[in-house]
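Scroll down for the structure; my scribbles are underneath it.
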Amino acid sequence: MKAEEKIREKIREICENYKDAPTEGYISGSGPIPCLILFIGEAPGKTEIIQGKPFVGMAGKTFENYLNSIGLKREEVRITNTCFFRPIKIKISKDGKETISNRTPKIPEIKLFKEILNEEINLVNPKIIITLGNIPLKSFTEFDSIGKCHGTIYFNENLRKPVFPMYHPSALTYNRNKNFQSIYEEDWEKLKGALNTL
Ligand code: URA
């Protein structure tokens with residue numbers, strides 16, 4: 001079995017045996033192996049589960065537009081997540097109607113995938129890791145909030161890799177403020193600059 005298939009198999013096993021909180025479906029990373037650039041997001045949403053790939057829903061469209069704006073195509077980068085299943089919460093209304101929505105993965109859920117994500121990083125062997133949002137940020141840097149550290153390179157001693165923290169692309173949907181949009185765009189330009197130094 002190829003190393004990538006082994007990773008997929010381990011993800012399947014973890015996800016199918018997890019019963020501590022509600023989840024719906026799972027995916028693995030996508031893109032070339034090895035690859036110079038690795039993006040790590042939080043967890044898949046509904047569209048990602050349906051299409052079986054990370055970042056293909058609304059946040060994914062924003063992500064891909066900005067990726068293209070700095071001259072990169074999706075097929076040239078590796079994209080994965082910190083949590084491989086879709087964490088959900090289920091609400092039942094008074095009239096018995098069920099609604100399912102995404103929730104942030106819990107710390108033990110992130111821990112479940114720590115080893116397998118490290119295996120993926122070793123296999124991909126990127127020159128730079130870009131974390132998208134607070135969840136991968138906490139896993140790969142000492143920071144606990146993206147507001148304090150976005151758009152600058154840090155060195156992860158354990159992985160011996162540079163890490164570039166960015167806001168999660170869905171932040172643009174929640175924060176329509178023009179000032180935030182320009183901060184977000186500047187970070188992509190900074191990433192372009194950082195990639196040119198690799
Ligand atoms: N958001 C993420 O963090 N990951 C995905 O794969 C999709 C949306």
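Lettering and numbering for the structure tokens are positional, with chains as A, B, ... in the shown order, residues counted from 1 in each chain, and ligands counted from 1 in the shown order.
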Using only C-alpha atoms and all ligand atoms, what are the residues with an atom within 9 Å of ligand 1, set out as a ChimeraX atom specification? /A:27,29,40-49,53-60,79-84,86,132-133,135-136,168-170
Can you pull out every residue within 8 Å of Ile116 in chain A, counting only C-alpha atoms, but drop anything in the same chain fewer than 4 positions away, and send it as a list in words? Ile7, Lys10, Ile11 and Glu120 of chain A
Can you write out the residues you just picked, keeping N, CA and C atoms, as a PDB file, in the first residue's frame?
ATOM      1  N   ILE A   7      -2.255   6.562   4.957  1.00  0.00           N
ATOM      2  CA  ILE A   7      -2.767   7.706   5.714  1.00  0.00           C
ATOM      3  C   ILE A   7      -4.290   7.741   5.612  1.00  0.00           C
ATOM      4  N   LYS A  10      -5.799   5.148   7.791  1.00  0.00           N
ATOM      5  CA  LYS A  10      -5.771   5.482   9.224  1.00  0.00           C
ATOM      6  C   LYS A  10      -6.852   6.514   9.545  1.00  0.00           C
ATOM      7  N   ILE A  11      -7.040   7.476   8.627  1.00  0.00           N
ATOM      8  CA  ILE A  11      -8.091   8.487   8.837  1.00  0.00           C
ATOM      9  C   ILE A  11      -9.454   7.797   8.899  1.00  0.00           C
ATOM     10  N   GLU A 120       1.529  13.072   7.400  1.00  0.00           N
ATOM     11  CA  GLU A 120       1.254  13.721   6.100  1.00  0.00           C
ATOM     12  C   GLU A 120       2.291  14.822   5.832  1.00  0.00           C
TER      13      GLU A 120
END
Give me, as a PyMOL selection string, the residues of chain A that a backbone DSSP run labels alpha helix (DSSP H). chain A and resi 3-17+46-51+58-69+107-112+114-124+134-140+171-174+178-196
One residue among A:Asn175, A:Ile146, A:Phe85, A:Ser182 is nearest to Arg103 in chain A when using only C-alpha atoms, and that residue is A:Phe85
Looking only at the backbone, which of the residues in range 48-179 of chain A does DSSP tag as strand (DSSP E), as number ranges by chain? A: 78-81, 85-92, 98-102, 128-132, 154-156, 161-166
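For the set A:Leu198, A:Ile107, A:Ile88, A:Leu191, the residue with the smallest atom-to-atom gap to Leu67 in chain A is A:Leu191, counting only C-alpha atoms.
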